[in-house]
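These notes are about the structure you will find just below.
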Amino acid sequence: ALGLVYVLFFKNIKTSLHTLGITGIITYLCIISFEFKVNLLILILLSFILLGIVATSRLKLEAHKLSEIFIGMAIGLCSQVVTYILYLN
């Protein structure tokens with residue numbers, strides 16, 4: 001994931017690493033919940049609330065644009081899903 005962020009940075013495309021990290025955690029929790037049949041709903045919901053707070057604060061502080069936040073979320077999601085497909089399945 002960070003390699004992709006590094007490449008995008010040199011193409012002058014900023015990425016929100018905060019939302020990348022939190023989205024990665026949310027995806028990880030969802031995969032663990034699905035794979036091991038563990039109820040992590042409360043933790044997943046709290047993580048989504050935290051994602052909303054972080055994304056809103058990044059926009060409010062004008063540290064990122066909305067597209068940069070979505071890029072971070074997409075990279076965080078895809079990195080966990082690719083890891084799951086390659087190693088756990």
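Quick note on naming: the chains in the structure tokens go A, B, ... in the order shown, residues restart at 1 in each chain, and ligands are numbered from 1 in order of appearance.
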
**Message:** Residues near range 65-80 of chain A, anyone? I mean within 8 Å using only C-alpha atoms, not counting same-chain ones fewer than 4 positions away, as a ChimeraX atom specification.
**Reply:** /A:1,13-24,27-28,55,59,84

Keeping only N, CA, C and O atoms, write those residues as a short mmCIF file (atom, residue, chain, number, x, y, z; two decimals), in the first residue's frame.
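Dumped to selection_10.cif:
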data_model
loop_
_atom_site.label_atom_id
_atom_site.label_comp_id
_atom_site.auth_asym_id
_atom_site.auth_seq_id
_atom_site.Cartn_x
_atom_site.Cartn_y
_atom_site.Cartn_z
N ALA A 1 0.82 -1.19 0.00
CA ALA A 1 0.00 0.00 0.00
C ALA A 1 0.87 1.26 0.00
O ALA A 1 0.59 2.20 -0.73
N ILE A 13 -0.09 13.25 -6.81
CA ILE A 13 -1.41 12.87 -6.32
C ILE A 13 -1.28 12.59 -4.83
O ILE A 13 -0.63 11.63 -4.43
N LYS A 14 -1.88 13.46 -4.01
CA LYS A 14 -1.83 13.26 -2.56
C LYS A 14 -2.81 12.17 -2.15
O LYS A 14 -3.83 11.96 -2.79
N THR A 15 -2.49 11.50 -1.06
CA THR A 15 -3.34 10.46 -0.52
C THR A 15 -3.45 10.66 0.98
O THR A 15 -2.46 10.97 1.64
N SER A 16 -4.63 10.45 1.53
CA SER A 16 -4.81 10.56 2.97
C SER A 16 -4.37 9.26 3.64
O SER A 16 -5.05 8.24 3.56
N LEU A 17 -3.23 9.31 4.29
CA LEU A 17 -2.73 8.12 4.99
C LEU A 17 -3.56 7.82 6.24
O LEU A 17 -3.63 6.67 6.67
N HIS A 18 -4.18 8.84 6.80
CA HIS A 18 -5.04 8.61 7.97
C HIS A 18 -6.23 7.72 7.59
O HIS A 18 -6.52 6.74 8.28
N THR A 19 -6.91 8.07 6.51
CA THR A 19 -8.07 7.27 6.10
C THR A 19 -7.63 5.91 5.54
O THR A 19 -8.35 4.93 5.69
N LEU A 20 -6.45 5.86 4.93
CA LEU A 20 -5.92 4.58 4.46
C LEU A 20 -5.75 3.62 5.64
O LEU A 20 -6.17 2.46 5.58
N GLY A 21 -5.17 4.10 6.71
CA GLY A 21 -4.93 3.27 7.88
C GLY A 21 -6.21 2.80 8.55
O GLY A 21 -6.36 1.61 8.88
N ILE A 22 -7.14 3.70 8.74
CA ILE A 22 -8.38 3.33 9.42
C ILE A 22 -9.23 2.41 8.54
O ILE A 22 -9.83 1.45 9.03
N THR A 23 -9.27 2.67 7.24
CA THR A 23 -10.00 1.78 6.35
C THR A 23 -9.36 0.40 6.30
O THR A 23 -10.05 -0.62 6.23
N GLY A 24 -8.03 0.35 6.38
CA GLY A 24 -7.35 -0.94 6.46
C GLY A 24 -7.74 -1.71 7.71
O GLY A 24 -7.97 -2.92 7.67
N THR A 27 -11.37 -2.99 7.28
CA THR A 27 -11.40 -4.14 6.37
C THR A 27 -10.83 -5.38 7.05
O THR A 27 -11.37 -6.48 6.92
N TYR A 28 -9.75 -5.20 7.80
CA TYR A 28 -9.15 -6.31 8.55
C TYR A 28 -10.16 -6.89 9.54
O TYR A 28 -10.31 -8.11 9.64
N ALA A 55 -11.99 11.58 8.67
CA ALA A 55 -12.19 12.13 7.32
C ALA A 55 -12.75 13.56 7.40
O ALA A 55 -12.30 14.45 6.66
N LEU A 59 -10.89 17.12 6.14
CA LEU A 59 -11.55 18.09 5.24
C LEU A 59 -11.67 19.45 5.91
O LEU A 59 -11.43 20.48 5.28
N TYR A 84 -5.83 -10.76 1.82
CA TYR A 84 -6.73 -11.86 2.18
C TYR A 84 -6.82 -12.89 1.06
O TYR A 84 -6.70 -14.09 1.31
#

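CA of Tyr87 in chain A lies 12.3 Å from CA of Ile31 in chain A.
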
**Asked** Which value, in Å to one decimal, gives the distance between CA of Phe48 in chain A and CA of Asn12 in chain A?
**Response** 28.4 Å

**Asked** Residues of chain A in helix (DSSP H, G or I) according to DSSP, as number ranges by chain?
**Response** A: 2-10, 17-36, 41-60, 66-88

**Message:** Need the shell around Leu41 in chain A: protein/DNA/RNA residues with any atom at most 9 Å away, counting only C-alpha atoms. Skip same-chain ones fewer than 6 positions apart. Format as a PyMOL selection string?
**Reply:** chain A and resi 29-30+33

What does the file look like for those residues with N, CA and C atoms, as an mmCIF file, in the first residue's frame?
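So the final result, stored in part_0.cif, reads:
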data_model
loop_
_atom_site.group_PDB
_atom_site.id
_atom_site.type_symbol
_atom_site.label_atom_id
_atom_site.label_comp_id
_atom_site.auth_asym_id
_atom_site.auth_seq_id
_atom_site.Cartn_x
_atom_site.Cartn_y
_atom_site.Cartn_z
ATOM 1 N N LEU A 29 -10.842 -6.035 10.279
ATOM 2 C CA LEU A 29 -11.840 -6.510 11.239
ATOM 3 C C LEU A 29 -12.978 -7.247 10.545
ATOM 4 N N CYS A 30 -13.411 -6.743 9.408
ATOM 5 C CA CYS A 30 -14.485 -7.409 8.655
ATOM 6 C C CYS A 30 -14.033 -8.784 8.165
ATOM 7 N N SER A 33 -13.810 -11.134 11.157
ATOM 8 C CA SER A 33 -15.164 -11.480 11.570
ATOM 9 C C SER A 33 -15.784 -12.505 10.634
#

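Pairwise distance (CA of Val54 in chain A, CA of Ile85 in chain A) equals 27.9 Å.
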
**Request:** Check the smallest atom-to-atom distance from each of A:Glu62, A:Leu8, A:Thr56, A:Ile26 to Ile42 in chain A using only C-alpha atoms, then report the winner.
**Result:** A:Ile26
